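Shown below: start-v8.txt, with compact mmCIF, C-alpha atoms (C1' of nucleotides).
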```
# COMPACT_ATOMS: atom_id res chain seq x y z
CA MET A 1 -40.92 -16.76 -6.38
CA THR A 2 -37.34 -17.03 -5.19
CA GLU A 3 -35.91 -14.40 -2.92
CA THR A 4 -32.22 -13.71 -2.75
CA VAL A 5 -31.44 -14.18 0.90
CA ILE A 6 -28.69 -11.88 2.04
CA GLN A 7 -27.18 -13.42 5.11
CA LYS A 8 -25.98 -11.02 7.74
CA PRO A 9 -23.02 -11.91 9.92
CA ASP A 10 -23.43 -11.81 13.68
CA TYR A 11 -20.29 -9.91 14.56
CA GLU A 12 -21.37 -9.33 18.14
CA THR A 13 -21.67 -12.99 18.96
CA ALA A 14 -18.44 -13.76 17.17
CA LEU A 15 -16.60 -11.14 19.18
CA ARG A 16 -18.18 -12.28 22.46
CA GLU A 17 -17.05 -15.79 21.75
CA ALA A 18 -13.57 -14.45 21.21
CA GLY A 19 -13.76 -13.04 24.73
CA VAL A 20 -14.10 -9.45 23.66
CA ARG A 21 -16.31 -6.87 25.35
CA ILE A 22 -19.12 -5.30 23.44
CA THR A 23 -18.90 -1.58 24.02
CA ARG A 24 -21.03 1.23 22.75
CA PRO A 25 -18.62 2.29 19.97
CA ARG A 26 -18.19 -1.29 18.91
CA ARG A 27 -21.91 -1.84 18.71
CA VAL A 28 -22.21 1.18 16.45
CA ILE A 29 -19.42 0.03 14.17
CA LEU A 30 -20.74 -3.52 13.99
CA GLY A 31 -24.15 -2.17 13.07
CA ILE A 32 -22.64 -0.19 10.23
CA LEU A 33 -20.77 -3.21 8.95
CA THR A 34 -23.87 -5.32 9.14
CA ASP A 35 -25.84 -2.82 7.09
CA ALA A 36 -23.09 -1.98 4.61
CA GLU A 37 -23.76 -3.24 1.13
CA ASP A 38 -20.52 -1.87 -0.26
CA HIS A 39 -16.82 -2.26 0.57
CA PRO A 40 -16.15 0.76 2.80
CA ASP A 41 -12.72 1.85 4.00
CA ALA A 42 -11.94 2.86 7.59
CA MET A 43 -12.61 6.54 7.01
CA GLU A 44 -15.96 5.79 5.44
CA ILE A 45 -16.94 3.57 8.36
CA PHE A 46 -15.76 6.29 10.70
CA LYS A 47 -17.94 8.88 9.01
CA ARG A 48 -20.98 6.67 9.18
CA ALA A 49 -20.23 5.94 12.82
CA VAL A 50 -19.78 9.58 13.78
CA ALA A 51 -23.20 10.30 12.29
CA LEU A 52 -24.65 7.93 14.86
CA ASP A 53 -22.36 8.73 17.74
CA PRO A 54 -20.08 11.76 17.44
CA SER A 55 -17.77 10.57 20.17
CA ILE A 56 -16.41 7.61 18.25
CA SER A 57 -12.79 7.87 17.20
CA LEU A 58 -11.05 6.70 14.08
CA SER A 59 -8.64 4.67 16.21
CA THR A 60 -11.51 2.63 17.50
CA VAL A 61 -12.67 1.95 13.98
CA TYR A 62 -9.22 0.69 13.08
CA ARG A 63 -8.94 -1.33 16.27
CA THR A 64 -12.32 -2.92 15.73
CA MET A 65 -11.54 -3.79 12.13
CA LYS A 66 -8.31 -5.38 13.25
CA LEU A 67 -10.15 -7.41 15.84
CA LEU A 68 -12.72 -8.60 13.34
CA GLU A 69 -10.02 -9.42 10.86
CA GLY A 70 -8.22 -11.34 13.57
CA ILE A 71 -11.16 -13.59 14.28
CA GLY A 72 -11.75 -13.97 10.56
CA ALA A 73 -15.08 -12.14 10.54
CA ILE A 74 -14.08 -9.67 7.85
CA HIS A 75 -11.61 -9.49 5.04
CA ARG A 76 -9.35 -6.56 4.35
CA HIS A 77 -8.58 -5.70 0.74
CA ALA A 78 -5.80 -3.36 -0.24
CA PHE A 79 -6.95 -2.42 -3.71
CA GLU A 80 -4.65 -0.26 -5.78
CA GLY A 81 -4.10 3.33 -4.89
CA GLY A 82 -6.31 3.66 -1.89
CA PRO A 83 -6.88 2.72 1.73
CA SER A 84 -7.88 -0.79 2.74
CA ARG A 85 -11.50 -1.68 2.24
CA PHE A 86 -13.45 -4.22 4.21
CA GLU A 87 -16.13 -6.79 3.60
CA PRO A 88 -17.83 -9.48 5.67
CA ALA A 89 -16.11 -12.84 5.52
CA ILE A 90 -19.38 -14.73 5.16
CA GLY A 91 -20.24 -16.50 1.94
CA GLU A 92 -17.92 -18.33 -0.40
CA HIS A 93 -14.59 -17.11 -1.59
CA HIS A 94 -14.60 -14.67 -4.46
CA ASP A 95 -12.33 -12.31 -6.29
CA HIS A 96 -12.94 -8.70 -7.29
CA LEU A 97 -13.43 -6.56 -10.33
CA ILE A 98 -12.86 -2.90 -9.51
CA ASP A 99 -14.42 -0.19 -11.64
CA ILE A 100 -11.50 2.20 -12.04
CA GLU A 101 -13.85 5.08 -12.68
CA THR A 102 -16.26 4.72 -9.79
CA GLY A 103 -14.39 2.52 -7.36
CA ASP A 104 -17.31 0.11 -7.39
CA VAL A 105 -16.40 -3.44 -6.49
CA ILE A 106 -17.98 -6.38 -8.25
CA GLU A 107 -17.48 -9.86 -6.89
CA PHE A 108 -16.94 -12.87 -9.07
CA HIS A 109 -15.73 -16.40 -8.77
CA SER A 110 -14.16 -18.82 -11.20
CA GLU A 111 -13.60 -22.34 -10.06
CA ARG A 112 -11.59 -22.90 -13.21
CA ILE A 113 -9.18 -20.11 -12.33
CA GLU A 114 -8.83 -21.45 -8.80
CA GLU A 115 -7.90 -24.84 -10.21
CA LEU A 116 -5.38 -23.37 -12.59
CA GLN A 117 -3.78 -21.43 -9.77
CA GLN A 118 -3.42 -24.60 -7.76
CA GLU A 119 -1.86 -26.37 -10.72
CA ILE A 120 0.60 -23.57 -11.30
CA ALA A 121 1.67 -23.34 -7.67
CA ARG A 122 2.00 -27.08 -7.46
CA ALA A 123 4.13 -27.19 -10.58
CA LEU A 124 6.41 -24.57 -9.04
CA GLY A 125 6.67 -26.59 -5.85
CA TYR A 126 4.42 -24.41 -3.72
CA ASP A 127 1.24 -24.66 -1.69
CA ILE A 128 -0.99 -21.61 -1.99
CA VAL A 129 -1.73 -20.00 1.36
CA HIS A 130 -3.89 -17.35 -0.18
CA HIS A 131 -4.12 -15.35 -3.32
CA ARG A 132 -5.22 -12.05 -4.69
CA LEU A 133 -6.94 -11.68 -8.02
CA GLU A 134 -8.17 -8.25 -8.92
CA LEU A 135 -9.40 -7.08 -12.28
CA TYR A 136 -9.29 -3.33 -12.81
CA GLY A 137 -11.66 -2.33 -15.56
CA ARG A 138 -13.88 0.18 -17.19
CA ARG A 139 -17.53 -0.39 -17.93
CA ARG A 140 -17.91 -1.24 -21.59
CA ARG A 141 -19.70 1.56 -23.39
CA LYS A 142 -23.02 0.25 -24.49
CA LYS A 143 -23.18 0.97 -28.20
CA MET B 1 23.57 -25.92 -26.81
CA THR B 2 20.97 -23.29 -26.15
CA GLU B 3 21.78 -20.36 -23.92
CA THR B 4 19.12 -18.51 -22.05
CA VAL B 5 19.55 -14.96 -23.21
CA ILE B 6 18.71 -12.49 -20.51
CA GLN B 7 17.82 -9.26 -22.20
CA LYS B 8 18.79 -6.11 -20.37
CA PRO B 9 16.72 -3.00 -20.73
CA ASP B 10 18.43 0.20 -21.85
CA TYR B 11 16.98 2.59 -19.31
CA GLU B 12 19.36 5.35 -20.17
CA THR B 13 18.33 5.54 -23.79
CA ALA B 14 14.68 5.28 -22.86
CA LEU B 15 15.00 8.18 -20.46
CA ARG B 16 16.97 10.28 -22.94
CA GLU B 17 14.25 9.75 -25.50
CA ALA B 18 11.76 10.94 -22.94
CA GLY B 19 13.75 14.16 -22.72
CA VAL B 20 15.22 13.45 -19.34
CA ARG B 21 18.74 14.29 -18.26
CA ILE B 22 21.10 11.54 -17.29
CA THR B 23 22.73 12.59 -14.07
CA ARG B 24 25.29 10.84 -11.93
CA PRO B 25 22.78 9.54 -9.37
CA ARG B 26 20.48 8.36 -12.11
CA ARG B 27 23.26 6.49 -13.83
CA VAL B 28 24.03 4.69 -10.60
CA ILE B 29 20.40 3.75 -10.02
CA LEU B 30 19.91 2.60 -13.60
CA GLY B 31 22.99 0.44 -13.30
CA ILE B 32 21.60 -1.19 -10.20
CA LEU B 33 18.29 -1.87 -11.90
CA THR B 34 20.02 -3.30 -14.91
CA ASP B 35 22.00 -5.69 -12.78
CA ALA B 36 19.22 -6.63 -10.37
CA GLU B 37 17.99 -10.15 -10.74
CA ASP B 38 15.42 -9.80 -7.98
CA HIS B 39 12.50 -7.49 -7.29
CA PRO B 40 14.03 -4.86 -4.98
CA ASP B 41 12.10 -2.16 -3.18
CA ALA B 42 13.13 1.50 -3.01
CA MET B 43 15.09 1.10 0.21
CA GLU B 44 17.00 -1.86 -1.18
CA ILE B 45 17.85 0.06 -4.33
CA PHE B 46 18.90 2.99 -2.17
CA LYS B 47 21.23 0.81 -0.12
CA ARG B 48 22.85 -0.63 -3.20
CA ALA B 49 23.18 2.86 -4.63
CA VAL B 50 24.74 4.32 -1.51
CA ALA B 51 27.37 1.60 -1.64
CA LEU B 52 28.44 2.96 -4.99
CA ASP B 53 27.88 6.63 -4.29
CA PRO B 54 27.23 7.71 -0.69
CA SER B 55 25.75 11.04 -1.74
CA ILE B 56 22.65 9.57 -3.36
CA SER B 57 19.39 10.26 -1.56
CA LEU B 58 16.34 8.10 -1.11
CA SER B 59 14.21 10.82 -2.69
CA THR B 60 16.15 10.50 -5.88
CA VAL B 61 15.57 6.77 -5.90
CA TYR B 62 11.84 7.33 -5.57
CA ARG B 63 11.87 10.06 -8.18
CA THR B 64 13.78 7.92 -10.62
CA MET B 65 11.47 4.95 -10.10
CA LYS B 66 8.51 7.19 -10.72
CA LEU B 67 10.08 8.46 -13.91
CA LEU B 68 10.82 4.97 -15.16
CA GLU B 69 7.35 3.84 -14.26
CA GLY B 70 5.96 6.82 -16.11
CA ILE B 71 7.69 5.90 -19.35
CA GLY B 72 6.71 2.29 -18.82
CA ALA B 73 10.25 1.03 -18.36
CA ILE B 74 9.55 -0.64 -15.04
CA HIS B 75 6.58 -2.06 -13.20
CA ARG B 76 5.75 -1.35 -9.59
CA HIS B 77 4.24 -4.14 -7.54
CA ALA B 78 2.59 -3.52 -4.18
CA PHE B 79 2.75 -6.99 -2.75
CA GLU B 80 1.05 -7.60 0.57
CA GLY B 81 2.52 -6.19 3.72
CA GLY B 82 5.55 -4.43 2.38
CA PRO B 83 6.84 -1.55 0.30
CA SER B 84 6.49 -1.48 -3.47
CA ARG B 85 8.92 -3.61 -5.38
CA PHE B 86 10.13 -3.00 -8.90
CA GLU B 87 10.99 -5.00 -11.96
CA PRO B 88 11.96 -4.21 -15.54
CA ALA B 89 9.02 -3.98 -17.92
CA ILE B 90 10.76 -5.94 -20.64
CA GLY B 91 9.57 -9.38 -21.59
CA GLU B 92 6.04 -10.65 -21.75
CA HIS B 93 3.39 -10.12 -19.16
CA HIS B 94 3.44 -12.41 -16.16
CA ASP B 95 1.95 -12.79 -12.72
CA HIS B 96 3.69 -13.54 -9.44
CA LEU B 97 3.96 -16.22 -6.84
CA ILE B 98 5.38 -14.82 -3.61
CA ASP B 99 7.11 -17.09 -1.13
CA ILE B 100 5.61 -15.91 2.14
CA GLU B 101 8.58 -17.18 4.06
CA THR B 102 11.44 -15.71 2.08
CA GLY B 103 9.78 -12.97 0.09
CA ASP B 104 11.12 -14.54 -3.09
CA VAL B 105 9.13 -13.74 -6.18
CA ILE B 106 8.54 -16.33 -8.87
CA GLU B 107 7.08 -15.31 -12.19
CA PHE B 108 4.54 -17.35 -14.07
CA HIS B 109 2.10 -16.95 -16.87
CA SER B 110 -1.11 -18.71 -17.77
CA GLU B 111 -2.72 -17.83 -21.03
CA ARG B 112 -5.73 -19.82 -19.93
CA ILE B 113 -6.19 -17.66 -16.84
CA GLU B 114 -5.83 -14.52 -18.92
CA GLU B 115 -8.58 -15.74 -21.22
CA LEU B 116 -10.85 -16.59 -18.34
CA GLN B 117 -10.34 -13.16 -16.86
CA GLN B 118 -11.33 -11.57 -20.14
CA GLU B 119 -14.43 -13.72 -20.32
CA ILE B 120 -15.44 -12.84 -16.79
CA ALA B 121 -14.95 -9.12 -17.25
CA ARG B 122 -16.80 -9.19 -20.52
CA ALA B 123 -19.69 -11.06 -18.98
CA LEU B 124 -19.89 -8.40 -16.29
CA GLY B 125 -19.88 -5.66 -18.90
CA TYR B 126 -16.32 -4.51 -18.36
CA ASP B 127 -13.09 -4.13 -20.28
CA ILE B 128 -10.01 -5.02 -18.26
CA VAL B 129 -7.51 -2.18 -18.05
CA HIS B 130 -5.09 -4.21 -16.01
CA HIS B 131 -5.14 -6.87 -13.40
CA ARG B 132 -3.26 -8.22 -10.45
CA LEU B 133 -2.86 -11.90 -9.78
CA GLU B 134 -0.63 -12.84 -6.89
CA LEU B 135 -0.28 -16.24 -5.31
CA TYR B 136 1.09 -16.25 -1.78
CA GLY B 137 2.51 -19.62 -0.94
CA ARG B 138 4.87 -21.77 0.97
CA ARG B 139 7.39 -24.09 -0.59
CA ARG B 140 6.04 -27.61 -0.44
CA ARG B 141 8.11 -29.66 1.93
CA LYS B 142 9.91 -32.26 -0.05
CA LYS B 143 8.99 -35.56 1.54
C1' DC C 1 -22.89 -2.29 43.59
C1' DT C 2 -17.82 -2.99 43.34
C1' DC C 3 -13.77 -3.82 41.21
C1' DT C 4 -10.59 -4.28 37.62
C1' DA C 5 -9.05 -5.65 33.22
C1' DG C 6 -10.49 -4.31 28.80
C1' DT C 7 -11.49 -0.30 26.11
C1' DT C 8 -11.64 4.42 24.82
C1' DG C 9 -10.26 9.11 22.71
C1' DC C 10 -6.53 11.78 22.01
C1' DA C 11 -2.24 12.95 20.30
C1' DA C 12 1.92 11.45 18.95
C1' DA C 13 4.53 7.90 16.32
C1' DC C 14 4.79 5.15 12.41
C1' DG C 15 6.46 3.50 7.54
C1' DA C 16 6.31 4.43 2.82
C1' DT C 17 6.33 7.93 -0.25
C1' DT C 18 6.10 12.72 -1.94
C1' DT C 19 7.22 17.52 -1.98
C1' DG C 20 9.16 22.56 -1.31
C1' DC C 21 13.21 24.77 -1.61
C1' DA C 22 17.72 26.54 -2.24
C1' DA C 23 21.94 24.77 -4.05
C1' DT C 24 23.89 22.16 -7.80
C1' DT C 25 24.63 20.33 -12.45
C1' DG C 26 23.58 18.47 -17.25
C1' DC C 27 23.96 19.84 -21.55
C1' DA C 28 22.50 22.84 -25.51
C1' DT C 29 24.47 26.95 -26.83
C1' DT C 30 28.05 29.92 -27.90
C1' DA D 1 36.31 25.32 -23.33
C1' DA D 2 33.28 28.81 -21.14
C1' DT D 3 28.21 30.26 -20.49
C1' DG D 4 23.48 30.03 -18.97
C1' DC D 5 19.51 28.27 -17.33
C1' DA D 6 16.13 24.75 -16.71
C1' DA D 7 16.32 20.24 -14.81
C1' DT D 8 17.82 17.85 -10.93
C1' DT D 9 19.61 17.16 -6.42
C1' DG D 10 19.77 16.42 -1.17
C1' DC D 11 17.61 17.68 2.73
C1' DA D 12 13.94 18.32 5.77
C1' DA D 13 9.34 18.70 6.29
C1' DA D 14 4.81 17.17 4.74
C1' DT D 15 1.61 13.59 3.45
C1' DC D 16 -1.37 9.47 3.87
C1' DG D 17 -3.08 5.48 6.02
C1' DT D 18 -2.58 3.19 10.06
C1' DT D 19 -0.88 2.04 14.75
C1' DT D 20 0.26 2.97 19.49
C1' DG D 21 1.16 5.00 24.44
C1' DC D 22 -1.32 6.74 27.94
C1' DA D 23 -4.52 8.35 31.38
C1' DA D 24 -9.46 8.35 31.84
C1' DC D 25 -13.43 5.54 31.43
C1' DT D 26 -16.63 1.38 31.45
C1' DA D 27 -18.31 -3.49 30.68
C1' DG D 28 -19.67 -7.04 33.03
C1' DA D 29 -18.07 -10.83 36.40
C1' DG D 30 -18.59 -11.36 41.14
```
What's the structure tokens form of this structure?
Amino acid sequence: MTETVIQKPDYETALREAGVRITRPRRVILGILTDAEDHPDAMEIFKRAVALDPSISLSTVYRTMKLLEGIGAIHRHAFEGGPSRFEPAIGEHHDHLIDIETGDVIEFHSERIEELQQEIARALGYDIVHHRLELYGRRRRKK
Amino acid sequence: MTETVIQKPDYETALREAGVRITRPRRVILGILTDAEDHPDAMEIFKRAVALDPSISLSTVYRTMKLLEGIGAIHRHAFEGGPSRFEPAIGEHHDHLIDIETGDVIEFHSERIEELQQEIARALGYDIVHHRLELYGRRRRKK
DNA sequence: CTCTAGTTGCAAACGATTTGCAATTGCATT
DNA sequence: AATGCAATTGCAAATCGTTTGCAACTAGAG
């Protein structure tokens, strides 16, 4: 029987290697990120953090996310009409399908689309530094 | 000899049909939009407007953009790291390649990518309401 | 255990955008 | 052309998400 192995990122080690101190609030936030199975925004992370340690401030959440983003440990996504949402940077690149009714985020990947993007950019005389592909959809009503 | 015909949208008529009054500030803003060949943001539109009529306010620019967006006459694009930028909604659908050095916006379209997106959404049980595909790139250095 | 640079919480500042309000103005009606 | 009033304006203040200055606090090297 095959188990789907969900790999968890070791944010603490990554930060230490970047010469950053591991403080109590940071440990709490990193724990939340490690456990998160969704794509929470800063306020959501803050709420979860406050539940564990009421003294944590929203600023620290933002500062920690910025740090992690800086060392490439997480990705920040500015989906339409809402605050930035975060996800671990582990695993292969993927794009997102956002359920416009629930806000749920579904990940997908299309090598074919990636190739086409490259071709297009190349034809226009550009090298792609990064891209953003987001599908905003509604769950098809099962008939 | 074939001429590229650039079609200009008739914002004024569109607004009138939507039961909206055409005021002096609106006329100025619509004129700017009609003439714009780029993808200006609200502040840029405001600056161009003030040059023609110093009494125009930024609020009115925002309100007018919202109106036009509401009737589907323009599209608002929230490209990374900057204010929303606008473009006329005439012409066929296209995506954007943003020059990360100059901010220039290049339009492109790939029917193949559109199809693939549909397939992906469908496979995930979703109907696409809209999407966002943005390539952020750097002009390839001509060797 | 000490020392200090890194980190914190707080409140204030920020940039983009929206909004309340009293004054103004399109424009349908006379 | 003059009237009337709802739509629209400019302004300032409010909003939202996020960042920042600062004095107090603490991780962790020595």
Contacts between chain D and chain B, please, where a residue of chain B counts if it comes within 10 Å (with only C-alpha atoms (C1' of nucleotides)); show its shortest atom pair and distance in Å to one decimal, rows by chain and ascending number, as JSON lines.
```
{"residue": "B:Val20", "atom": "CA", "partner": "D:DA7", "partner_atom": "C1'", "distance": 8.2}
{"residue": "B:Arg21", "atom": "CA", "partner": "D:DA7", "partner_atom": "C1'", "distance": 7.3}
{"residue": "B:Ile22", "atom": "CA", "partner": "D:DT8", "partner_atom": "C1'", "distance": 9.5}
{"residue": "B:Thr23", "atom": "CA", "partner": "D:DT8", "partner_atom": "C1'", "distance": 7.9}
{"residue": "B:Pro25", "atom": "CA", "partner": "D:DT9", "partner_atom": "C1'", "distance": 8.8}
{"residue": "B:Arg26", "atom": "CA", "partner": "D:DT8", "partner_atom": "C1'", "distance": 9.9}
{"residue": "B:Ser55", "atom": "CA", "partner": "D:DG10", "partner_atom": "C1'", "distance": 8.1}
{"residue": "B:Ile56", "atom": "CA", "partner": "D:DG10", "partner_atom": "C1'", "distance": 7.7}
{"residue": "B:Ser57", "atom": "CA", "partner": "D:DG10", "partner_atom": "C1'", "distance": 6.2}
{"residue": "B:Leu58", "atom": "CA", "partner": "D:DG10", "partner_atom": "C1'", "distance": 9.0}
{"residue": "B:Ser59", "atom": "CA", "partner": "D:DG10", "partner_atom": "C1'", "distance": 8.0}
{"residue": "B:Thr60", "atom": "CA", "partner": "D:DT9", "partner_atom": "C1'", "distance": 7.5}
```
task = Would you kindly identify which residues have an atom no farther than 10 Å from (-15.6, -6.6, 11.8), using only C-alpha atoms (C1' of nucleotides) and the file's own coordinates, and write them out as a PyMOL selection string?
result = chain A and resi 9-12+14-15+26+29-34+61-76+86-89
As an exercise, work out the distance from CA of Asp38 (chain B) to CA of Glu115 (chain B) in Å and give it to one decimal place.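 Computing it gives 28.0 Å between the two atoms.
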Task: Point-to-point distance from CA of Gln117 (chain B) to CA of Leu135 (chain A), Å rounded to tenths - done: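 Atom-to-atom, CA of Gln117 (chain B) and CA of Leu135 (chain A) are spaced 7.7 Å apart.
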Separating CA of Tyr126 (chain B) from CA of Asp95 (chain B), to the nearest tenth of an Å, is a gap of 20.8 Å
Min atom-atom distance to Ser110 (chain A) from the set A:Arg140, A:His39, A:His96, A:Arg122, counting only C-alpha atoms, belongs to A:His96
Pick the closest to chain C from A:Arg24, A:Lys47, A:Arg85, A:His77: which is it, counting only C-alpha atoms (C1' of nucleotides)?
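With only C-alpha atoms (C1' of nucleotides) as the atom set, the closest residue is A:Arg24.
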Counting only C-alpha atoms, which residues of chain B fall within 12 Å of chain A, and what is the closest atom pair for each with its distance in Å at one decimal, ordered by chain and rising number, as JSON lines?
```
{"residue": "B:Arg76", "atom": "CA", "partner": "A:Glu80", "partner_atom": "CA", "distance": 11.1}
{"residue": "B:His77", "atom": "CA", "partner": "A:Glu80", "partner_atom": "CA", "distance": 9.9}
{"residue": "B:Ala78", "atom": "CA", "partner": "A:Glu80", "partner_atom": "CA", "distance": 8.1}
{"residue": "B:Phe79", "atom": "CA", "partner": "A:Ala78", "partner_atom": "CA", "distance": 9.6}
{"residue": "B:Glu80", "atom": "CA", "partner": "A:Ala78", "partner_atom": "CA", "distance": 8.1}
{"residue": "B:Gly81", "atom": "CA", "partner": "A:Ala78", "partner_atom": "CA", "distance": 9.6}
{"residue": "B:Gly82", "atom": "CA", "partner": "A:Ala78", "partner_atom": "CA", "distance": 11.7}
{"residue": "B:Ser84", "atom": "CA", "partner": "A:Glu80", "partner_atom": "CA", "distance": 11.4}
{"residue": "B:Asp95", "atom": "CA", "partner": "A:Leu133", "partner_atom": "CA", "distance": 10.1}
{"residue": "B:His96", "atom": "CA", "partner": "A:His131", "partner_atom": "CA", "distance": 10.1}
{"residue": "B:Leu97", "atom": "CA", "partner": "A:Ala121", "partner_atom": "CA", "distance": 7.5}
{"residue": "B:Ile98", "atom": "CA", "partner": "A:Ile128", "partner_atom": "CA", "distance": 9.5}
{"residue": "B:Asp99", "atom": "CA", "partner": "A:Tyr126", "partner_atom": "CA", "distance": 8.2}
{"residue": "B:Ile100", "atom": "CA", "partner": "A:Val129", "partner_atom": "CA", "distance": 8.4}
{"residue": "B:Glu101", "atom": "CA", "partner": "A:Val129", "partner_atom": "CA", "distance": 11.0}
{"residue": "B:Asp104", "atom": "CA", "partner": "A:Tyr126", "partner_atom": "CA", "distance": 11.9}
{"residue": "B:Val105", "atom": "CA", "partner": "A:Leu124", "partner_atom": "CA", "distance": 11.5}
{"residue": "B:Ile106", "atom": "CA", "partner": "A:Leu124", "partner_atom": "CA", "distance": 8.5}
{"residue": "B:Glu107", "atom": "CA", "partner": "A:Leu124", "partner_atom": "CA", "distance": 9.8}
{"residue": "B:Phe108", "atom": "CA", "partner": "A:Ile120", "partner_atom": "CA", "distance": 7.9}
{"residue": "B:His109", "atom": "CA", "partner": "A:Ile120", "partner_atom": "CA", "distance": 8.8}
{"residue": "B:Ser110", "atom": "CA", "partner": "A:Leu116", "partner_atom": "CA", "distance": 8.2}
{"residue": "B:Glu111", "atom": "CA", "partner": "A:Leu116", "partner_atom": "CA", "distance": 10.4}
{"residue": "B:Arg112", "atom": "CA", "partner": "A:Leu116", "partner_atom": "CA", "distance": 8.2}
{"residue": "B:Ile113", "atom": "CA", "partner": "A:Ile113", "partner_atom": "CA", "distance": 5.9}
{"residue": "B:Glu114", "atom": "CA", "partner": "A:Ile113", "partner_atom": "CA", "distance": 9.3}
{"residue": "B:Glu115", "atom": "CA", "partner": "A:Ile113", "partner_atom": "CA", "distance": 9.9}
{"residue": "B:Leu116", "atom": "CA", "partner": "A:Ile113", "partner_atom": "CA", "distance": 7.2}
{"residue": "B:Gln117", "atom": "CA", "partner": "A:Leu135", "partner_atom": "CA", "distance": 7.7}
{"residue": "B:Gln118", "atom": "CA", "partner": "A:Leu135", "partner_atom": "CA", "distance": 9.3}
{"residue": "B:Glu119", "atom": "CA", "partner": "A:Ser110", "partner_atom": "CA", "distance": 10.5}
{"residue": "B:Ile120", "atom": "CA", "partner": "A:Phe108", "partner_atom": "CA", "distance": 7.9}
{"residue": "B:Ala121", "atom": "CA", "partner": "A:Leu97", "partner_atom": "CA", "distance": 7.5}
{"residue": "B:Arg122", "atom": "CA", "partner": "A:Arg140", "partner_atom": "CA", "distance": 8.1}
{"residue": "B:Ala123", "atom": "CA", "partner": "A:Arg140", "partner_atom": "CA", "distance": 10.3}
{"residue": "B:Leu124", "atom": "CA", "partner": "A:Ile106", "partner_atom": "CA", "distance": 8.5}
{"residue": "B:Gly125", "atom": "CA", "partner": "A:Arg140", "partner_atom": "CA", "distance": 5.5}
{"residue": "B:Tyr126", "atom": "CA", "partner": "A:Arg139", "partner_atom": "CA", "distance": 4.3}
{"residue": "B:Asp127", "atom": "CA", "partner": "A:Gly137", "partner_atom": "CA", "distance": 5.3}
{"residue": "B:Ile128", "atom": "CA", "partner": "A:Gly137", "partner_atom": "CA", "distance": 4.2}
{"residue": "B:Val129", "atom": "CA", "partner": "A:Gly137", "partner_atom": "CA", "distance": 4.8}
{"residue": "B:His130", "atom": "CA", "partner": "A:Tyr136", "partner_atom": "CA", "distance": 5.4}
{"residue": "B:His131", "atom": "CA", "partner": "A:Leu135", "partner_atom": "CA", "distance": 4.4}
{"residue": "B:Arg132", "atom": "CA", "partner": "A:Glu134", "partner_atom": "CA", "distance": 5.1}
{"residue": "B:Leu133", "atom": "CA", "partner": "A:Leu133", "partner_atom": "CA", "distance": 4.4}
{"residue": "B:Glu134", "atom": "CA", "partner": "A:Arg132", "partner_atom": "CA", "distance": 5.2}
{"residue": "B:Leu135", "atom": "CA", "partner": "A:His131", "partner_atom": "CA", "distance": 4.4}
{"residue": "B:Tyr136", "atom": "CA", "partner": "A:His130", "partner_atom": "CA", "distance": 5.3}
{"residue": "B:Gly137", "atom": "CA", "partner": "A:Ile128", "partner_atom": "CA", "distance": 4.2}
{"residue": "B:Arg138", "atom": "CA", "partner": "A:Asp127", "partner_atom": "CA", "distance": 5.3}
{"residue": "B:Arg139", "atom": "CA", "partner": "A:Tyr126", "partner_atom": "CA", "distance": 4.3}
{"residue": "B:Arg140", "atom": "CA", "partner": "A:Tyr126", "partner_atom": "CA", "distance": 4.9}
{"residue": "B:Arg141", "atom": "CA", "partner": "A:Gly125", "partner_atom": "CA", "distance": 8.5}
{"residue": "B:Lys142", "atom": "CA", "partner": "A:Gly125", "partner_atom": "CA", "distance": 8.7}
{"residue": "B:Lys143", "atom": "CA", "partner": "A:Gly125", "partner_atom": "CA", "distance": 11.9}
```
Proximity of chain C to chain A: per-residue shortest pair, 12 Å limit, all atoms listed in the file, as a Markdown table:
```
| residue | atom | partner | partner_atom | distance |
| --- | --- | --- | --- | --- |
| C:DA5 | C1' | A:Arg21 | CA | 10.8 |
| C:DG6 | C1' | A:Arg21 | CA | 7.2 |
| C:DT7 | C1' | A:Thr23 | CA | 7.8 |
| C:DT8 | C1' | A:Thr60 | CA | 7.5 |
| C:DG9 | C1' | A:Ser57 | CA | 6.2 |
| C:DC10 | C1' | A:Ser57 | CA | 8.8 |
| C:DA11 | C1' | A:Ser59 | CA | 11.2 |
```
Would you fill the gaps in region 118-122 of chain B so it has N, CA, C and O atoms, then print it as an mmCIF file, in the frame of the given file?
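Saved the output as part.cif:
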```cif
data_model
loop_
_atom_site.group_PDB
_atom_site.id
_atom_site.type_symbol
_atom_site.label_atom_id
_atom_site.label_comp_id
_atom_site.auth_asym_id
_atom_site.auth_seq_id
_atom_site.Cartn_x
_atom_site.Cartn_y
_atom_site.Cartn_z
ATOM 1 N N GLN B 118 -10.664 -12.357 -19.098
ATOM 2 C CA GLN B 118 -11.330 -11.570 -20.140
ATOM 3 C C GLN B 118 -12.801 -11.933 -20.215
ATOM 4 O O GLN B 118 -13.675 -11.062 -20.252
ATOM 5 N N GLU B 119 -13.048 -13.232 -20.230
ATOM 6 C CA GLU B 119 -14.430 -13.720 -20.320
ATOM 7 C C GLU B 119 -15.274 -13.186 -19.182
ATOM 8 O O GLU B 119 -16.398 -12.722 -19.372
ATOM 9 N N ILE B 120 -14.712 -13.277 -17.977
ATOM 10 C CA ILE B 120 -15.440 -12.840 -16.790
ATOM 11 C C ILE B 120 -15.766 -11.353 -16.866
ATOM 12 O O ILE B 120 -16.908 -10.932 -16.667
ATOM 13 N N ALA B 121 -14.743 -10.560 -17.179
ATOM 14 C CA ALA B 121 -14.950 -9.120 -17.250
ATOM 15 C C ALA B 121 -15.999 -8.789 -18.306
ATOM 16 O O ALA B 121 -16.929 -8.014 -18.068
ATOM 17 N N ARG B 122 -15.864 -9.420 -19.427
ATOM 18 C CA ARG B 122 -16.800 -9.190 -20.520
ATOM 19 C C ARG B 122 -18.220 -9.530 -20.100
ATOM 20 O O ARG B 122 -19.159 -8.769 -20.353
#
```
